[in-house]
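Visitor: Structure incoming, see below.
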Amino acid sequence: MSCILHIETSTDVCSVAVSQDGACIFNRESEATVGSSQMTPGFIEEALSFIDCNLLTLDAVAVSCGPGSYTGLRIGVSTAKGICYGRDTKLIAVPTLQLMCVPVLLREAVQEEDALLCPMIDARRMEVYAQLFDRSLHEIRPIHADIVDSDTYKEYLDEHPVYFFGNGAEKCMNIINHPNAHLIEGIAPQAKWMHPLAERRFFDGVFEDVAYFVPFYLKDFVAKKPKPLL
């Protein structure tokens, strides 16, 4: 038995879900035009009220841990840690790029046995955060901040069909331009897909130290100068 609260704030779309015993029983997600900082607190309040009203016991809080938006990750992780402290419960970290593979696999969008999955998060211009997995979610290539050109994934594309997805993928397809490169549209990291990964960690006893855990930013935060007031 498990009841887990899931929080995903790594991109412009934030989402919150609750799962119980392998099924998503509550889900809220924002539109892409609305910032995570605005929507997250309300979604979490709704989710906790849902848990309490249904007399469920919160066993853990799972949070998408990056890479992704610096501000979004800080909001999600700090909120998750606060709930863990307040409710004396466990913290689970779910890697964001691995999370993005879950709907691709559940929808059976990839048929070839030797296919590779390449989730991508937009890191501005022609840079993306990317990782390569096989269909069993074994890591083939670690996470990199890639500046994409025609040769970036060539060694994999020459040997396998590779499926690219996420908000960084579409802008790269014309540049990659390889017959083995395939685009899957409409894939984003969402809380409602976190439960298979979070529950595996829960039952394996893989928890984070609530006091010391930090998101995986991949790159250091660079502050921008504010725009001058008119």
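To be explicit about the labels: the chains of the structure tokens are called A, B, and onward in the order shown, and within each one the residues are counted from 1, while ligands get numbers from 1 in the order they are shown.
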Need to verify the contact set: region 111-117 of chain A, 12 Å, only C-alpha atoms, exclusion of same-chain residues closer than 4 positions in sequence. Can you return it as an MDAnalysis selection string?

Guide: chainID A and resid 97:107 130:141 153 156:166 169 180:184

Visitor: Neighbouring residues of Gly168 (chain A) were defined as those with any atom within 12 Å, considering only C-alpha atoms; residues of the same chain fewer than 4 positions away were excluded. Please report them as a VMD selection string.

Guide: chain A and resid 11 68 97 118 to 131 145 to 148 164 172 to 173 183 to 188

Visitor: Tell me, as a PDB file with N, CA, C and O atoms, in the first residue's frame, which residues lie within 10 Å of Val210 (chain A), counting only C-alpha atoms; anything in the same chain fewer than 4 positions away does not count.

Guide:
ATOM      1  N   VAL A  77      11.310  21.512  -5.222  1.00  0.00           N
ATOM      2  CA  VAL A  77      12.049  20.786  -4.186  1.00  0.00           C
ATOM      3  C   VAL A  77      11.843  21.415  -2.811  1.00  0.00           C
ATOM      4  O   VAL A  77      11.632  20.699  -1.819  1.00  0.00           O
ATOM      5  N   SER A  78      11.883  22.730  -2.714  1.00  0.00           N
ATOM      6  CA  SER A  78      11.684  23.364  -1.408  1.00  0.00           C
ATOM      7  C   SER A  78      10.284  23.099  -0.877  1.00  0.00           C
ATOM      8  O   SER A  78      10.099  22.872   0.335  1.00  0.00           O
ATOM      9  N   ALA A  80       8.380  20.443  -1.627  1.00  0.00           N
ATOM     10  CA  ALA A  80       8.340  19.027  -1.252  1.00  0.00           C
ATOM     11  C   ALA A  80       9.006  18.798   0.099  1.00  0.00           C
ATOM     12  O   ALA A  80       8.486  18.057   0.950  1.00  0.00           O
ATOM     13  N   LYS A  81      10.146  19.443   0.318  1.00  0.00           N
ATOM     14  CA  LYS A  81      10.843  19.276   1.593  1.00  0.00           C
ATOM     15  C   LYS A  81      10.018  19.838   2.753  1.00  0.00           C
ATOM     16  O   LYS A  81       9.976  19.250   3.841  1.00  0.00           O
ATOM     17  N   GLY A  82       9.347  20.962   2.511  1.00  0.00           N
ATOM     18  CA  GLY A  82       8.500  21.530   3.555  1.00  0.00           C
ATOM     19  C   GLY A  82       7.370  20.604   3.949  1.00  0.00           C
ATOM     20  O   GLY A  82       7.054  20.451   5.140  1.00  0.00           O
ATOM     21  N   CYS A  84       7.404  17.327   3.609  1.00  0.00           N
ATOM     22  CA  CYS A  84       8.009  16.184   4.306  1.00  0.00           C
ATOM     23  C   CYS A  84       8.288  16.510   5.766  1.00  0.00           C
ATOM     24  O   CYS A  84       8.042  15.689   6.657  1.00  0.00           O
ATOM     25  N   TYR A  85       8.799  17.718   6.032  1.00  0.00           N
ATOM     26  CA  TYR A  85       9.021  18.128   7.418  1.00  0.00           C
ATOM     27  C   TYR A  85       7.703  18.222   8.175  1.00  0.00           C
ATOM     28  O   TYR A  85       7.558  17.714   9.292  1.00  0.00           O
ATOM     29  N   THR A  89       7.231  12.725   6.652  1.00  0.00           N
ATOM     30  CA  THR A  89       7.162  11.660   5.661  1.00  0.00           C
ATOM     31  C   THR A  89       8.422  11.646   4.799  1.00  0.00           C
ATOM     32  O   THR A  89       9.304  12.489   4.940  1.00  0.00           O
ATOM     33  N   LYS A  90       8.524  10.685   3.900  1.00  0.00           N
ATOM     34  CA  LYS A  90       9.724  10.441   3.109  1.00  0.00           C
ATOM     35  C   LYS A  90       9.758  11.316   1.856  1.00  0.00           C
ATOM     36  O   LYS A  90       8.713  11.696   1.315  1.00  0.00           O
ATOM     37  N   LEU A  91      10.985  11.576   1.376  1.00  0.00           N
ATOM     38  CA  LEU A  91      11.192  12.337   0.153  1.00  0.00           C
ATOM     39  C   LEU A  91      11.795  11.431  -0.914  1.00  0.00           C
ATOM     40  O   LEU A  91      12.779  10.733  -0.666  1.00  0.00           O
ATOM     41  N   ILE A  92      11.188  11.443  -2.116  1.00  0.00           N
ATOM     42  CA  ILE A  92      11.658  10.653  -3.248  1.00  0.00           C
ATOM     43  C   ILE A  92      12.017  11.599  -4.388  1.00  0.00           C
ATOM     44  O   ILE A  92      11.245  12.512  -4.708  1.00  0.00           O
ATOM     45  N   VAL A 214      19.329  18.536  -2.768  1.00  0.00           N
ATOM     46  CA  VAL A 214      19.194  19.686  -3.673  1.00  0.00           C
ATOM     47  C   VAL A 214      18.884  19.167  -5.073  1.00  0.00           C
ATOM     48  O   VAL A 214      19.244  18.034  -5.420  1.00  0.00           O
TER      49      VAL A 214
END

Visitor: What's around Arg201 (chain A) at 9 Å? Count only C-alpha atoms, leave out sequence neighbours fewer than 5 positions away in its own chain, and write the answer as a PDB file with N, CA and C atoms, in the first residue's frame.

Guide:
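Once everything was written out, this is selection-v9.pdb:
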ATOM      1  N   ILE A  92      11.188  11.443  -2.116  1.00  0.00           N
ATOM      2  CA  ILE A  92      11.658  10.653  -3.248  1.00  0.00           C
ATOM      3  C   ILE A  92      12.017  11.599  -4.388  1.00  0.00           C
ATOM      4  N   ALA A  93      13.181  11.408  -4.994  1.00  0.00           N
ATOM      5  CA  ALA A  93      13.604  12.218  -6.143  1.00  0.00           C
ATOM      6  C   ALA A  93      13.422  11.415  -7.423  1.00  0.00           C
ATOM      7  N   VAL A  94      12.750  12.013  -8.407  1.00  0.00           N
ATOM      8  CA  VAL A  94      12.519  11.372  -9.705  1.00  0.00           C
ATOM      9  C   VAL A  94      13.248  12.166 -10.776  1.00  0.00           C
ATOM     10  N   PRO A 196       5.086   5.343 -11.549  1.00  0.00           N
ATOM     11  CA  PRO A 196       5.846   4.100 -11.730  1.00  0.00           C
ATOM     12  C   PRO A 196       7.285   4.195 -11.213  1.00  0.00           C
ATOM     13  N   VAL A 206      14.476   3.753  -1.482  1.00  0.00           N
ATOM     14  CA  VAL A 206      15.409   4.769  -1.988  1.00  0.00           C
ATOM     15  C   VAL A 206      14.826   6.155  -1.687  1.00  0.00           C
ATOM     16  N   PHE A 207      15.252   6.739  -0.588  1.00  0.00           N
ATOM     17  CA  PHE A 207      14.750   8.039  -0.155  1.00  0.00           C
ATOM     18  C   PHE A 207      15.898   9.041  -0.051  1.00  0.00           C
TER      19      PHE A 207
END

Visitor: Looking at A:Val61, A:Ile75, A:Met1, A:Ile83, which one is nearest to Val18 (chain A), with distances taken over only C-alpha atoms?

Guide: A:Val61

Visitor: In terms of the shortest atom-to-atom distance over only C-alpha atoms, which of A:Ile44, A:Val13, A:Leu55, A:Val110 is closest to Ser30 (chain A)?

Guide: A:Val13

Visitor: With distances taken over only C-alpha atoms, which residue among A:Ile7, A:Gly66, A:Lys171, A:Gly86 lies nearest Leu218 (chain A)?

Guide: A:Gly66

Visitor: Would you list, as a PDB file with N, CA, C and O atoms, in the first residue's frame, the residues of region 76-220 of chain A that end up in strand (DSSP E) under DSSP run on this structure's backbone?

Guide:
ATOM      1  N   LYS A  90       8.524  10.685   3.900  1.00  0.00           N
ATOM      2  CA  LYS A  90       9.724  10.441   3.109  1.00  0.00           C
ATOM      3  C   LYS A  90       9.758  11.316   1.856  1.00  0.00           C
ATOM      4  O   LYS A  90       8.713  11.696   1.315  1.00  0.00           O
ATOM      5  N   LEU A  91      10.985  11.576   1.376  1.00  0.00           N
ATOM      6  CA  LEU A  91      11.192  12.337   0.153  1.00  0.00           C
ATOM      7  C   LEU A  91      11.795  11.431  -0.914  1.00  0.00           C
ATOM      8  O   LEU A  91      12.779  10.733  -0.666  1.00  0.00           O
ATOM      9  N   ILE A  92      11.188  11.443  -2.116  1.00  0.00           N
ATOM     10  CA  ILE A  92      11.658  10.653  -3.248  1.00  0.00           C
ATOM     11  C   ILE A  92      12.017  11.599  -4.388  1.00  0.00           C
ATOM     12  O   ILE A  92      11.245  12.512  -4.708  1.00  0.00           O
ATOM     13  N   ALA A  93      13.181  11.408  -4.994  1.00  0.00           N
ATOM     14  CA  ALA A  93      13.604  12.218  -6.143  1.00  0.00           C
ATOM     15  C   ALA A  93      13.422  11.415  -7.423  1.00  0.00           C
ATOM     16  O   ALA A  93      13.872  10.275  -7.518  1.00  0.00           O
ATOM     17  N   VAL A  94      12.750  12.013  -8.407  1.00  0.00           N
ATOM     18  CA  VAL A  94      12.519  11.372  -9.705  1.00  0.00           C
ATOM     19  C   VAL A  94      13.248  12.166 -10.776  1.00  0.00           C
ATOM     20  O   VAL A  94      12.940  13.340 -10.991  1.00  0.00           O
ATOM     21  N   LEU A 116      16.308   3.655 -29.253  1.00  0.00           N
ATOM     22  CA  LEU A 116      16.764   4.441 -28.118  1.00  0.00           C
ATOM     23  C   LEU A 116      15.823   5.624 -27.918  1.00  0.00           C
ATOM     24  O   LEU A 116      15.226   6.120 -28.871  1.00  0.00           O
ATOM     25  N   LEU A 117      15.706   6.061 -26.670  1.00  0.00           N
ATOM     26  CA  LEU A 117      14.855   7.193 -26.304  1.00  0.00           C
ATOM     27  C   LEU A 117      15.744   8.355 -25.909  1.00  0.00           C
ATOM     28  O   LEU A 117      16.682   8.191 -25.115  1.00  0.00           O
ATOM     29  N   CYS A 118      15.432   9.541 -26.443  1.00  0.00           N
ATOM     30  CA  CYS A 118      16.217  10.734 -26.133  1.00  0.00           C
ATOM     31  C   CYS A 118      15.301  11.874 -25.693  1.00  0.00           C
ATOM     32  O   CYS A 118      14.870  12.691 -26.518  1.00  0.00           O
ATOM     33  N   PRO A 119      14.969  11.949 -24.406  1.00  0.00           N
ATOM     34  CA  PRO A 119      14.206  13.095 -23.907  1.00  0.00           C
ATOM     35  C   PRO A 119      15.073  14.349 -23.911  1.00  0.00           C
ATOM     36  O   PRO A 119      16.273  14.292 -23.616  1.00  0.00           O
ATOM     37  N   MET A 120      14.445  15.476 -24.250  1.00  0.00           N
ATOM     38  CA  MET A 120      15.163  16.750 -24.339  1.00  0.00           C
ATOM     39  C   MET A 120      14.373  17.859 -23.661  1.00  0.00           C
ATOM     40  O   MET A 120      13.175  18.020 -23.906  1.00  0.00           O
ATOM     41  N   ILE A 121      15.056  18.638 -22.842  1.00  0.00           N
ATOM     42  CA  ILE A 121      14.472  19.847 -22.259  1.00  0.00           C
ATOM     43  C   ILE A 121      15.192  21.050 -22.842  1.00  0.00           C
ATOM     44  O   ILE A 121      16.423  21.090 -22.890  1.00  0.00           O
ATOM     45  N   ASP A 122      14.420  22.015 -23.291  1.00  0.00           N
ATOM     46  CA  ASP A 122      14.972  23.214 -23.917  1.00  0.00           C
ATOM     47  C   ASP A 122      15.827  23.999 -22.917  1.00  0.00           C
ATOM     48  O   ASP A 122      15.387  24.292 -21.803  1.00  0.00           O
ATOM     49  N   GLU A 127      20.732  24.806 -27.459  1.00  0.00           N
ATOM     50  CA  GLU A 127      21.195  23.942 -26.373  1.00  0.00           C
ATOM     51  C   GLU A 127      20.011  23.216 -25.740  1.00  0.00           C
ATOM     52  O   GLU A 127      18.925  23.779 -25.571  1.00  0.00           O
ATOM     53  N   VAL A 128      20.224  21.963 -25.390  1.00  0.00           N
ATOM     54  CA  VAL A 128      19.199  21.160 -24.724  1.00  0.00           C
ATOM     55  C   VAL A 128      19.857  20.339 -23.623  1.00  0.00           C
ATOM     56  O   VAL A 128      21.053  20.038 -23.672  1.00  0.00           O
ATOM     57  N   TYR A 129      19.047  19.979 -22.617  1.00  0.00           N
ATOM     58  CA  TYR A 129      19.451  18.965 -21.652  1.00  0.00           C
ATOM     59  C   TYR A 129      18.925  17.642 -22.195  1.00  0.00           C
ATOM     60  O   TYR A 129      17.716  17.493 -22.408  1.00  0.00           O
ATOM     61  N   ALA A 130      19.804  16.685 -22.414  1.00  0.00           N
ATOM     62  CA  ALA A 130      19.394  15.439 -23.060  1.00  0.00           C
ATOM     63  C   ALA A 130      20.093  14.239 -22.434  1.00  0.00           C
ATOM     64  O   ALA A 130      21.187  14.350 -21.865  1.00  0.00           O
ATOM     65  N   GLN A 131      19.434  13.079 -22.585  1.00  0.00           N
ATOM     66  CA  GLN A 131      19.950  11.817 -22.066  1.00  0.00           C
ATOM     67  C   GLN A 131      19.453  10.712 -22.989  1.00  0.00           C
ATOM     68  O   GLN A 131      18.409  10.869 -23.636  1.00  0.00           O
ATOM     69  N   LEU A 132      20.155   9.607 -23.061  1.00  0.00           N
ATOM     70  CA  LEU A 132      19.746   8.490 -23.918  1.00  0.00           C
ATOM     71  C   LEU A 132      19.503   7.251 -23.083  1.00  0.00           C
ATOM     72  O   LEU A 132      20.318   6.887 -22.220  1.00  0.00           O
ATOM     73  N   PHE A 133      18.349   6.596 -23.372  1.00  0.00           N
ATOM     74  CA  PHE A 133      17.959   5.359 -22.693  1.00  0.00           C
ATOM     75  C   PHE A 133      17.605   4.305 -23.731  1.00  0.00           C
ATOM     76  O   PHE A 133      17.197   4.631 -24.851  1.00  0.00           O
ATOM     77  N   ASP A 134      17.690   3.026 -23.314  1.00  0.00           N
ATOM     78  CA  ASP A 134      17.058   1.991 -24.124  1.00  0.00           C
ATOM     79  C   ASP A 134      15.617   1.818 -23.659  1.00  0.00           C
ATOM     80  O   ASP A 134      15.139   2.545 -22.774  1.00  0.00           O
ATOM     81  N   GLU A 139      20.352   3.490 -18.829  1.00  0.00           N
ATOM     82  CA  GLU A 139      21.034   4.652 -19.385  1.00  0.00           C
ATOM     83  C   GLU A 139      22.080   4.237 -20.419  1.00  0.00           C
ATOM     84  O   GLU A 139      22.957   3.420 -20.137  1.00  0.00           O
ATOM     85  N   ILE A 140      21.972   4.798 -21.608  1.00  0.00           N
ATOM     86  CA  ILE A 140      22.942   4.556 -22.673  1.00  0.00           C
ATOM     87  C   ILE A 140      23.983   5.671 -22.726  1.00  0.00           C
ATOM     88  O   ILE A 140      25.156   5.436 -22.996  1.00  0.00           O
ATOM     89  N   ARG A 141      23.538   6.902 -22.479  1.00  0.00           N
ATOM     90  CA  ARG A 141      24.444   8.042 -22.397  1.00  0.00           C
ATOM     91  C   ARG A 141      23.982   8.963 -21.291  1.00  0.00           C
ATOM     92  O   ARG A 141      22.791   9.250 -21.176  1.00  0.00           O
ATOM     93  N   PRO A 142      24.893   9.432 -20.420  1.00  0.00           N
ATOM     94  CA  PRO A 142      24.493  10.292 -19.307  1.00  0.00           C
ATOM     95  C   PRO A 142      23.921  11.624 -19.781  1.00  0.00           C
ATOM     96  O   PRO A 142      24.005  11.992 -20.949  1.00  0.00           O
ATOM     97  N   ILE A 143      23.374  12.358 -18.838  1.00  0.00           N
ATOM     98  CA  ILE A 143      22.819  13.681 -19.128  1.00  0.00           C
ATOM     99  C   ILE A 143      23.938  14.635 -19.530  1.00  0.00           C
ATOM    100  O   ILE A 143      24.969  14.725 -18.859  1.00  0.00           O
ATOM    101  N   HIS A 144      23.700  15.347 -20.633  1.00  0.00           N
ATOM    102  CA  HIS A 144      24.609  16.403 -21.068  1.00  0.00           C
ATOM    103  C   HIS A 144      23.789  17.651 -21.397  1.00  0.00           C
ATOM    104  O   HIS A 144      22.606  17.557 -21.749  1.00  0.00           O
ATOM    105  N   ALA A 145      24.443  18.788 -21.310  1.00  0.00           N
ATOM    106  CA  ALA A 145      23.902  20.008 -21.901  1.00  0.00           C
ATOM    107  C   ALA A 145      24.486  20.098 -23.298  1.00  0.00           C
ATOM    108  O   ALA A 145      25.642  20.459 -23.483  1.00  0.00           O
ATOM    109  N   ASP A 146      23.697  19.676 -24.298  1.00  0.00           N
ATOM    110  CA  ASP A 146      24.184  19.555 -25.675  1.00  0.00           C
ATOM    111  C   ASP A 146      23.888  20.809 -26.486  1.00  0.00           C
ATOM    112  O   ASP A 146      22.758  21.299 -26.483  1.00  0.00           O
ATOM    113  N   ILE A 147      24.897  21.309 -27.177  1.00  0.00           N
ATOM    114  CA  ILE A 147      24.674  22.288 -28.233  1.00  0.00           C
ATOM    115  C   ILE A 147      24.546  21.481 -29.516  1.00  0.00           C
ATOM    116  O   ILE A 147      25.518  20.904 -30.007  1.00  0.00           O
ATOM    117  N   VAL A 162      16.351   6.380 -33.164  1.00  0.00           N
ATOM    118  CA  VAL A 162      16.355   7.193 -31.945  1.00  0.00           C
ATOM    119  C   VAL A 162      15.119   8.080 -31.957  1.00  0.00           C
ATOM    120  O   VAL A 162      14.858   8.783 -32.939  1.00  0.00           O
ATOM    121  N   TYR A 163      14.372   8.045 -30.856  1.00  0.00           N
ATOM    122  CA  TYR A 163      13.148   8.832 -30.731  1.00  0.00           C
ATOM    123  C   TYR A 163      13.423  10.022 -29.815  1.00  0.00           C
ATOM    124  O   TYR A 163      13.810   9.858 -28.656  1.00  0.00           O
ATOM    125  N   PHE A 164      13.224  11.224 -30.374  1.00  0.00           N
ATOM    126  CA  PHE A 164      13.457  12.468 -29.649  1.00  0.00           C
ATOM    127  C   PHE A 164      12.110  13.053 -29.218  1.00  0.00           C
ATOM    128  O   PHE A 164      11.142  13.052 -29.986  1.00  0.00           O
ATOM    129  N   PHE A 165      12.050  13.581 -28.008  1.00  0.00           N
ATOM    130  CA  PHE A 165      10.796  14.167 -27.523  1.00  0.00           C
ATOM    131  C   PHE A 165      11.094  15.138 -26.388  1.00  0.00           C
ATOM    132  O   PHE A 165      12.184  15.152 -25.821  1.00  0.00           O
ATOM    133  N   ALA A 181      16.247   9.316 -37.145  1.00  0.00           N
ATOM    134  CA  ALA A 181      15.767  10.256 -36.132  1.00  0.00           C
ATOM    135  C   ALA A 181      14.256  10.426 -36.255  1.00  0.00           C
ATOM    136  O   ALA A 181      13.739  10.727 -37.326  1.00  0.00           O
ATOM    137  N   HIS A 182      13.547  10.231 -35.152  1.00  0.00           N
ATOM    138  CA  HIS A 182      12.080  10.329 -35.130  1.00  0.00           C
ATOM    139  C   HIS A 182      11.657  11.285 -34.011  1.00  0.00           C
ATOM    140  O   HIS A 182      12.225  11.263 -32.919  1.00  0.00           O
ATOM    141  N   LEU A 183      10.650  12.089 -34.283  1.00  0.00           N
ATOM    142  CA  LEU A 183      10.121  13.036 -33.304  1.00  0.00           C
ATOM    143  C   LEU A 183       8.784  12.527 -32.765  1.00  0.00           C
ATOM    144  O   LEU A 183       7.894  12.145 -33.527  1.00  0.00           O
ATOM    145  N   ILE A 184       8.641  12.515 -31.425  1.00  0.00           N
ATOM    146  CA  ILE A 184       7.360  12.242 -30.779  1.00  0.00           C
ATOM    147  C   ILE A 184       6.897  13.548 -30.147  1.00  0.00           C
ATOM    148  O   ILE A 184       7.573  14.105 -29.273  1.00  0.00           O
TER     149      ILE A 184
END

Visitor: Measuring between only C-alpha atoms, which one of A:Phe203, A:Asp12, A:Ser19, A:Glu108 shows the shortest distance to Met39 (chain A)?

Guide: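 Residue with the minimum atom-to-atom distance to Met39 (chain A): A:Asp12.
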
Visitor: With only C-alpha atoms as the basis for distance, which of A:Glu31, A:Glu155, A:Asp209, A:Asp88 is at the shortest distance from Leu58 (chain A)?

Guide: A:Asp88

Visitor: Report the residues of region 33-175 of chain A whose backbone DSSP state falls under alpha helix (DSSP H), written as a PyMOL selection string.

Guide: chain A and resi 36-53+70-87+96-106+154-157+173-175

Visitor: Would you put the residues from that selection into a file with C-alpha atoms, as a JSON list (two decimals), in the first residue's frame?

Guide:
[["chain", "number", "residue", "atom", "x", "y", "z"],
["A", 36, "SER", "CA", 4.99, 27.25, -11.88],
["A", 37, "SER", "CA", 5.48, 29.73, -9.05],
["A", 38, "GLN", "CA", 1.89, 30.95, -9.46],
["A", 39, "MET", "CA", 0.10, 27.62, -9.73],
["A", 40, "THR", "CA", 2.07, 25.19, -7.57],
["A", 41, "PRO", "CA", 0.86, 26.25, -4.09],
["A", 42, "GLY", "CA", -2.82, 26.04, -5.06],
["A", 43, "PHE", "CA", -2.42, 22.64, -6.72],
["A", 44, "ILE", "CA", -0.59, 21.27, -3.68],
["A", 45, "GLU", "CA", -3.22, 22.61, -1.30],
["A", 46, "GLU", "CA", -5.90, 20.86, -3.37],
["A", 47, "ALA", "CA", -3.93, 17.62, -3.40],
["A", 48, "LEU", "CA", -3.35, 17.62, 0.37],
["A", 49, "SER", "CA", -7.03, 18.38, 0.97],
["A", 50, "PHE", "CA", -7.92, 15.46, -1.32],
["A", 51, "ILE", "CA", -5.66, 13.17, 0.70],
["A", 52, "ASP", "CA", -7.09, 14.32, 4.03],
["A", 53, "CYS", "CA", -10.74, 14.27, 2.90],
["A", 70, "TYR", "CA", 16.49, 26.68, -12.04],
["A", 71, "THR", "CA", 13.61, 28.59, -10.46],
["A", 72, "GLY", "CA", 11.07, 25.84, -11.11],
["A", 73, "LEU", "CA", 13.25, 23.15, -9.56],
["A", 74, "ARG", "CA", 13.92, 25.26, -6.48],
["A", 75, "ILE", "CA", 10.19, 25.84, -6.01],
["A", 76, "GLY", "CA", 9.31, 22.18, -6.40],
["A", 77, "VAL", "CA", 12.05, 20.79, -4.19],
["A", 78, "SER", "CA", 11.68, 23.36, -1.41],
["A", 79, "THR", "CA", 7.92, 22.81, -1.34],
["A", 80, "ALA", "CA", 8.34, 19.03, -1.25],
["A", 81, "LYS", "CA", 10.84, 19.28, 1.59],
["A", 82, "GLY", "CA", 8.50, 21.53, 3.56],
["A", 83, "ILE", "CA", 5.68, 19.01, 3.26],
["A", 84, "CYS", "CA", 8.01, 16.18, 4.31],
["A", 85, "TYR", "CA", 9.02, 18.13, 7.42],
["A", 86, "GLY", "CA", 5.45, 19.13, 8.24],
["A", 87, "ARG", "CA", 3.97, 15.66, 7.76],
["A", 96, "THR", "CA", 13.12, 14.57, -14.96],
["A", 97, "LEU", "CA", 14.44, 13.14, -18.23],
["A", 98, "GLN", "CA", 13.71, 9.57, -17.14],
["A", 99, "LEU", "CA", 10.20, 10.69, -16.16],
["A", 100, "MET", "CA", 9.60, 11.95, -19.71],
["A", 101, "CYS", "CA", 10.16, 8.43, -21.07],
["A", 102, "VAL", "CA", 7.26, 6.97, -19.07],
["A", 103, "PRO", "CA", 4.36, 8.19, -21.31],
["A", 104, "VAL", "CA", 6.33, 7.21, -24.43],
["A", 105, "LEU", "CA", 6.66, 3.65, -23.15],
["A", 106, "LEU", "CA", 3.12, 3.40, -21.79],
["A", 154, "LYS", "CA", 25.33, 10.52, -35.07],
["A", 155, "GLU", "CA", 27.11, 7.59, -33.41],
["A", 156, "TYR", "CA", 23.77, 6.41, -31.98],
["A", 157, "LEU", "CA", 21.67, 7.22, -35.04],
["A", 173, "MET", "CA", 15.02, 17.85, -35.80],
["A", 174, "ASN", "CA", 15.95, 19.83, -38.93],
["A", 175, "ILE", "CA", 19.53, 20.07, -37.72]]

Visitor: Using only C-alpha atoms, determine which residues lie at most 6 Å from Ser15 (chain A), disregarding the query and same-chain residues fewer than 5 positions distant; provide the list as an MDAnalysis selection string.

Guide: chainID A and resid 8 28:29 190:191

Visitor: What is the distance, in Å and to one decimal place, between CA of His195 (chain A) and CA of Ala17 (chain A)?

Guide: 8.9 Å

Visitor: Could you jot down the CA of Val16 (chain A) to CA of Ser64 (chain A) separation for me, Å, one decimal place?

Guide: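 So the two atoms, CA of Val16 (chain A) and CA of Ser64 (chain A), lie 10.5 Å apart.
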
Visitor: Would you work out the distance separating CA of Gly22 (chain A) from CA of Ser2 (chain A), expressed in Å to one decimal?

Guide: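 Computing it gives 8.0 Å between the two atoms.
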